[in-house]
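Student: Take this structure, written in structure tokens, and hold onto it; I'll ask about it next.
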Amino acid sequence: MHVESRQACLIRRTTLPALPTLPIVFFTLLALWPVRAAAQSGTGIGVRAQGLAGAFTAVADDATATWWNPAGLATGAIFNAVVEFDGFEEPRAGSSSSGVVPSWQLSAGGLSVAFPAFGLSYYRLRLSEIQANPTTGVPNASRQDQGTADVRLRSLVLNQFGATVGQSLGGHLVVGSTLKLVRGSLGVAVRSGSGVSLDDASALDGSGETHAGLDMGAMATWGSIRLGLVARNVTQPTFGAGSDSMTLKREVRAGVAATPTSDVTVAFDADLTTHPTAVGDERQAAAGLEVWSRDRRLGVRGGISASTVGSARSSASGGASWALRHGVYIEGAGTVGADNARRGWGFDLRVTY
């Protein structure tokens, strides 16, 4: 007797009415992937994703699939909800003996609810940056020679509401999209580099703007192997104007995951776009491992990541899930890095049935 996999059954049950233009539009967008992004990449959401060092594009089987890969909704439970809080910073020390250094800080939180073919999400993110001021006439200033020269502070606050849908194309491929309404506020200031901090950047306020946005993803499955692909910020919303603007440009990320047993997942992710950040260009690659106990009461995970362009800025991550009761988990994750690399943390409450 032929027995279908759990994922194939879910895909079969959750097939939506045909949308013939969706796969055409998605793969057309992927052909345009070689663009640069003007803000941090989207790896700061999802506590399980953080514990895997960001190797989550082809895993994405909980409610944070609404952020990580919309097509992942079809691989998850019948119901999944996550409430989370996260924070990241790079470098680990925002100053040196010679003064302030370029740095960034991300704080985030959100609520996401997902079913196999539909999800709703709300995320709030604040990105704060200290950058060298381009008007100082020092084009290649290093972190150590900023001294008391002027620096530019930026703070972008995003409130994002999303609705996610998925569609199966046969028994092995799912495509999905998240339609977003993004309310953003960008604050910019130029200050003397003496004594400034990321807290000063975080205190900046700006006028609010609202833009529509779109993320698209695909997930292909063959036996225990999954391949994932996601394009974020397809519409590339811009906040602010002129030299004081910040654009959420398109980000493309690919991943592969294997589940040799039902309790073990091995995953690998790689950015296909380069992201300029306050501390230099970045294009992340990550590998992670997740292991669950047989009774699914305890899960542990770990991973490593590094940039494949510019300074490697490698980091290591770890995390765990503990079942408070059947289907209710409290989860935590932490990230540490080498000298001047990023540090981060996250915790959530996840309900899954």
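Chain lettering (A, B, ...) mirrors the order of the structure tokens, residue numbering begins at 1 for each chain separately, and ligand numbering begins at 1 in order of display.
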Neighbouring residues of segment 154-158 of chain A were defined as those with any atom within 9 Å, considering only C-alpha atoms; residues of the same chain fewer than 3 positions away were excluded. Please report them as a PyMOL selection string.
Tutor: chain A and resi 123-131+182-190+201-206+239+244+246
Student: Please identify all polymer residues within 6 Å of segment 331-346 of chain A, counting only C-alpha atoms, omitting same-chain residues fewer than 3 positions from it, and present them as a short mmCIF file (atom, residue, chain, number, x, y, z; two decimals) with N, CA and C atoms, in the first residue's frame.
Tutor:
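Wrote part-v6.cif, looks like this:
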data_model
loop_
_atom_site.label_atom_id
_atom_site.label_comp_id
_atom_site.auth_asym_id
_atom_site.auth_seq_id
_atom_site.Cartn_x
_atom_site.Cartn_y
_atom_site.Cartn_z
N VAL A 47 13.02 32.70 16.40
CA VAL A 47 13.96 32.19 17.40
C VAL A 47 14.57 30.86 16.97
N GLY A 51 18.59 30.17 16.28
CA GLY A 51 19.35 29.05 16.83
C GLY A 51 20.08 28.25 15.77
N PHE A 85 10.42 38.03 20.83
CA PHE A 85 11.20 39.25 21.04
C PHE A 85 12.65 38.92 20.72
N ASP A 86 13.33 39.83 19.99
CA ASP A 86 14.68 39.56 19.51
C ASP A 86 15.53 40.83 19.57
N GLY A 87 16.85 40.63 19.60
CA GLY A 87 17.77 41.76 19.55
C GLY A 87 19.12 41.33 18.99
N PHE A 88 19.72 42.19 18.14
CA PHE A 88 21.04 41.94 17.57
C PHE A 88 21.86 43.23 17.59
N GLU A 89 23.18 43.07 17.61
CA GLU A 89 24.08 44.23 17.57
C GLU A 89 25.41 43.81 16.96
N GLU A 90 25.98 44.71 16.15
CA GLU A 90 27.31 44.50 15.58
C GLU A 90 27.97 45.86 15.37
N PRO A 91 29.22 46.04 15.78
CA PRO A 91 30.05 45.07 16.50
C PRO A 91 29.64 44.98 17.96
N ARG A 92 30.25 44.05 18.69
CA ARG A 92 29.88 43.81 20.08
C ARG A 92 30.23 45.00 20.95
N ARG A 313 33.35 38.21 9.59
CA ARG A 313 32.45 38.46 10.71
C ARG A 313 31.67 37.19 11.08
N SER A 314 32.38 36.12 11.33
CA SER A 314 31.75 34.84 11.63
C SER A 314 31.11 34.86 13.01
N SER A 315 30.07 34.05 13.18
CA SER A 315 29.38 33.96 14.46
C SER A 315 28.83 32.56 14.63
N ALA A 316 28.57 32.20 15.89
CA ALA A 316 28.00 30.90 16.23
C ALA A 316 26.72 31.12 17.02
N SER A 317 25.75 30.26 16.80
CA SER A 317 24.44 30.40 17.44
C SER A 317 24.01 29.08 18.06
N GLY A 318 23.12 29.17 19.02
CA GLY A 318 22.55 27.99 19.64
C GLY A 318 21.20 28.32 20.22
N GLY A 319 20.39 27.31 20.44
CA GLY A 319 19.07 27.55 21.01
C GLY A 319 18.42 26.25 21.45
N ALA A 320 17.28 26.38 22.12
CA ALA A 320 16.57 25.22 22.63
C ALA A 320 15.08 25.51 22.71
N SER A 321 14.30 24.44 22.66
CA SER A 321 12.85 24.49 22.83
C SER A 321 12.47 23.53 23.96
#
Student: Could you state the separation of atom CA of Ser224 of chain A and atom CA of Val266 of chain A in Å, given to one decimal place?
Tutor: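 Spanning atom CA of Ser224 of chain A to atom CA of Val266 of chain A is a straight-line distance of 10.5 Å.
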Student: Between A:Ala312, A:Ala58, A:Leu229, A:Val264, which one has atoms that come closest to Glu282 of chain A, using only C-alpha atoms?
Tutor: A:Ala312
Student: What is the distance, in Å and to one decimal place, between atom CA of Ser112 of chain A and atom CA of Ala218 of chain A?
Tutor: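 For atom CA of Ser112 of chain A relative to atom CA of Ala218 of chain A, the distance reads 19.4 Å.
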Student: Just the residues within 10 Å of segment 160-162 of chain A, please, counting only C-alpha atoms, with nothing from its chain fewer than 6 positions along; format it as a list in words.
Tutor: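 Non-adjacent residues within range: Thr66, Trp67, Gly110, Leu111, Ser112, Gly119, Leu120, Ser121, Tyr122, Tyr123, Arg124, Leu125, Ser177, Thr178, Leu179, Lys180, Leu181, Val182, Arg183, Gly184, Thr210, His211, Ala212, Gly213, Leu214 and Asp215 of chain A.
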Student: Could you write those residues out with C-alpha atoms, as a compact mmCIF listing (two decimals), in the first residue's frame?
Tutor:
# COMPACT_ATOMS: atom_id res chain seq x y z
CA THR A 66 5.31 34.25 7.08
CA TRP A 67 8.67 36.05 7.28
CA GLY A 110 6.19 40.08 16.56
CA LEU A 111 3.12 37.88 16.50
CA SER A 112 2.43 35.40 13.72
CA GLY A 119 -0.99 33.14 7.72
CA LEU A 120 -1.25 36.51 9.43
CA SER A 121 1.66 38.37 11.00
CA TYR A 122 2.69 41.58 12.71
CA TYR A 123 6.34 42.51 13.24
CA ARG A 124 7.89 45.62 14.73
CA LEU A 125 11.57 46.30 14.05
CA SER A 177 3.56 35.12 -1.05
CA THR A 178 3.20 37.59 1.80
CA LEU A 179 1.42 40.83 1.01
CA LYS A 180 2.65 43.45 3.47
CA LEU A 181 1.54 46.85 4.68
CA VAL A 182 4.62 48.56 6.13
CA ARG A 183 4.49 51.69 8.26
CA GLY A 184 7.99 53.15 8.59
CA THR A 210 3.15 53.71 4.70
CA HIS A 211 4.02 51.46 1.74
CA ALA A 212 2.76 48.18 0.34
CA GLY A 213 5.27 45.35 0.09
CA LEU A 214 5.57 41.80 -1.17
CA ASP A 215 7.65 38.73 -0.30
Student: Just want the 7 Å neighbourhood of Pro70 of chain A, counted on only C-alpha atoms, with same-chain residues fewer than 6 positions away dropped. Output as a ChimeraX atom specification.
Tutor: /A:164,166,176-178,216-217
Student: Mind the document's chain letters and residue numbers, and return as an MDAnalysis selection string the residues of segment 233-336 of chain A that DSSP labels strand (DSSP E).
Tutor: chainID A and resid 238:239 246:247 251:261 264:271 275:277 280:282 284:292 298:307 315:325 328:336
Student: Please, could you write that set of residues out with C-alpha atoms as an mmCIF file, in the first residue's frame?
Tutor:
data_model
loop_
_atom_site.group_PDB
_atom_site.id
_atom_site.type_symbol
_atom_site.label_atom_id
_atom_site.label_comp_id
_atom_site.auth_asym_id
_atom_site.auth_seq_id
_atom_site.Cartn_x
_atom_site.Cartn_y
_atom_site.Cartn_z
ATOM 1 C CA THR A 238 11.798 53.613 0.372
ATOM 2 C CA PHE A 239 11.490 55.678 3.552
ATOM 3 C CA MET A 246 16.652 54.158 3.343
ATOM 4 C CA THR A 247 15.416 51.565 0.853
ATOM 5 C CA GLU A 251 16.861 40.251 -0.963
ATOM 6 C CA VAL A 252 17.116 36.745 -2.383
ATOM 7 C CA ARG A 253 18.104 33.776 -0.232
ATOM 8 C CA ALA A 254 18.314 30.055 -0.963
ATOM 9 C CA GLY A 255 18.456 27.066 1.327
ATOM 10 C CA VAL A 256 18.526 23.275 1.457
ATOM 11 C CA ALA A 257 17.446 21.077 4.363
ATOM 12 C CA ALA A 258 17.547 17.341 5.010
ATOM 13 C CA THR A 259 15.679 15.292 7.605
ATOM 14 C CA PRO A 260 17.462 11.910 7.762
ATOM 15 C CA THR A 261 15.096 11.034 10.636
ATOM 16 C CA VAL A 264 16.949 15.505 13.043
ATOM 17 C CA THR A 265 17.206 18.381 10.561
ATOM 18 C CA VAL A 266 20.375 19.589 8.838
ATOM 19 C CA ALA A 267 20.159 22.878 6.918
ATOM 20 C CA PHE A 268 22.276 25.240 4.856
ATOM 21 C CA ASP A 269 21.414 28.790 3.676
ATOM 22 C CA ALA A 270 23.130 31.345 1.460
ATOM 23 C CA ASP A 271 22.281 34.910 0.471
ATOM 24 C CA HIS A 275 23.739 43.821 1.745
ATOM 25 C CA PRO A 276 25.671 47.033 2.489
ATOM 26 C CA THR A 277 25.637 47.574 6.267
ATOM 27 C CA GLY A 280 30.662 46.831 5.510
ATOM 28 C CA ASP A 281 29.183 44.676 2.783
ATOM 29 C CA GLU A 282 27.635 41.401 3.886
ATOM 30 C CA GLN A 284 25.664 35.548 4.665
ATOM 31 C CA ALA A 285 26.110 31.785 4.442
ATOM 32 C CA ALA A 286 24.913 29.612 7.324
ATOM 33 C CA ALA A 287 24.707 25.971 8.388
ATOM 34 C CA GLY A 288 22.644 24.549 11.242
ATOM 35 C CA LEU A 289 21.549 21.351 12.993
ATOM 36 C CA GLU A 290 18.317 20.740 14.964
ATOM 37 C CA VAL A 291 17.690 17.638 17.092
ATOM 38 C CA TRP A 292 14.509 16.724 18.986
ATOM 39 C CA LEU A 298 13.027 19.043 24.113
ATOM 40 C CA GLY A 299 14.701 20.362 21.010
ATOM 41 C CA VAL A 300 18.233 21.730 20.710
ATOM 42 C CA ARG A 301 19.875 23.451 17.752
ATOM 43 C CA GLY A 302 23.095 25.148 16.766
ATOM 44 C CA GLY A 303 24.750 26.726 13.762
ATOM 45 C CA ILE A 304 27.479 28.896 12.339
ATOM 46 C CA SER A 305 27.352 31.779 9.872
ATOM 47 C CA ALA A 306 29.780 34.100 8.135
ATOM 48 C CA SER A 307 29.841 36.716 5.428
ATOM 49 C CA SER A 315 29.383 33.962 14.464
ATOM 50 C CA ALA A 316 28.000 30.902 16.234
ATOM 51 C CA SER A 317 24.441 30.403 17.440
ATOM 52 C CA GLY A 318 22.552 27.988 19.640
ATOM 53 C CA GLY A 319 19.071 27.547 21.010
ATOM 54 C CA ALA A 320 16.570 25.220 22.632
ATOM 55 C CA SER A 321 12.847 24.486 22.834
ATOM 56 C CA TRP A 322 11.126 23.151 25.934
ATOM 57 C CA ALA A 323 7.533 21.869 25.987
ATOM 58 C CA LEU A 324 5.535 23.403 28.835
ATOM 59 C CA ARG A 325 2.752 21.051 27.802
ATOM 60 C CA VAL A 328 3.181 24.654 23.837
ATOM 61 C CA TYR A 329 6.883 25.556 23.732
ATOM 62 C CA ILE A 330 9.067 28.212 25.262
ATOM 63 C CA GLU A 331 12.151 28.803 23.120
ATOM 64 C CA GLY A 332 15.375 30.771 23.344
ATOM 65 C CA ALA A 333 18.391 31.461 21.150
ATOM 66 C CA GLY A 334 21.713 33.268 21.418
ATOM 67 C CA THR A 335 24.437 34.356 19.003
ATOM 68 C CA VAL A 336 28.079 35.166 19.742
#
Student: Quick check for you: according to DSSP on this backbone, which residues of segment 50-212 of chain A are classed as alpha helix (DSSP H)? Reply as a list in words.
Tutor: Gln50, Gly51, Ala65, Thr66, Trp67, Trp68, Leu198, Asp199, Asp200, Ala201 and Ser202 of chain A
Student: Write the residues of the preceding selection, restricted to N, CA and C atoms, as a short mmCIF file (atom, residue, chain, number, x, y, z; two decimals), in the first residue's frame.
Tutor:
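Now in out.cif:
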data_model
loop_
_atom_site.label_atom_id
_atom_site.label_comp_id
_atom_site.auth_asym_id
_atom_site.auth_seq_id
_atom_site.Cartn_x
_atom_site.Cartn_y
_atom_site.Cartn_z
N GLN A 50 17.16 31.74 14.45
CA GLN A 50 18.37 32.27 15.07
C GLN A 50 19.22 31.15 15.63
N GLY A 51 18.59 30.17 16.28
CA GLY A 51 19.35 29.05 16.83
C GLY A 51 20.08 28.25 15.77
N ALA A 65 7.33 31.24 9.09
CA ALA A 65 7.39 31.10 7.64
C ALA A 65 6.78 32.32 6.96
N THR A 66 5.87 33.03 7.63
CA THR A 66 5.31 34.25 7.08
C THR A 66 6.38 35.29 6.80
N TRP A 67 7.53 35.17 7.49
CA TRP A 67 8.67 36.05 7.28
C TRP A 67 9.76 35.36 6.46
N TRP A 68 10.07 34.11 6.81
CA TRP A 68 11.24 33.44 6.26
C TRP A 68 11.02 32.88 4.87
N LEU A 198 24.74 53.97 20.03
CA LEU A 198 23.57 53.46 19.35
C LEU A 198 22.29 53.86 20.06
N ASP A 199 22.38 54.12 21.36
CA ASP A 199 21.20 54.62 22.07
C ASP A 199 20.79 55.99 21.54
N ASP A 200 21.77 56.82 21.19
CA ASP A 200 21.46 58.12 20.59
C ASP A 200 20.76 57.94 19.25
N ALA A 201 21.23 56.98 18.47
CA ALA A 201 20.57 56.71 17.19
C ALA A 201 19.15 56.20 17.40
N SER A 202 18.95 55.33 18.38
CA SER A 202 17.63 54.77 18.63
C SER A 202 16.63 55.83 19.08
#
Student: Quick one: pull the distance between atom CA of His326 of chain A and atom CA of Ala53 of chain A, Å, one decimal.
Tutor: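 Atom CA of His326 of chain A sits 26.4 Å away from atom CA of Ala53 of chain A.
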Student: What lies within 10 Å of Leu73 of chain A using only C-alpha atoms, ignoring chain neighbours under 2 positions off, as an MDAnalysis selection string?
Tutor: chainID A and resid 10:11 14 60:66 69:71 75:80 114:119 164:167 174:176 219
Student: Residues within 7 Å of Thr221 of chain A, please, as a tab-separated table (two decimals) with N, CA and C atoms, in the first residue's frame. Count only C-alpha atoms; anything in the same chain fewer than 3 positions from it doesn't count.
Tutor:
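This is the output file selection_28.tsv:
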chain	number	residue	atom	x	y	z
A	172	HIS	N	5.14	18.18	-5.36
A	172	HIS	CA	6.48	18.43	-4.84
A	172	HIS	C	6.84	19.91	-4.67
A	173	LEU	N	6.05	20.80	-5.23
A	173	LEU	CA	6.42	22.22	-5.23
A	173	LEU	C	5.28	23.07	-4.68
A	225	ILE	N	14.49	15.60	1.46
A	225	ILE	CA	15.23	16.79	1.05
A	225	ILE	C	14.26	17.91	0.70
A	226	ARG	N	14.53	19.10	1.20
A	226	ARG	CA	13.74	20.28	0.85
A	226	ARG	C	14.67	21.37	0.32
A	227	LEU	N	14.22	22.04	-0.72
A	227	LEU	CA	14.92	23.19	-1.28
A	227	LEU	C	14.02	24.41	-1.13
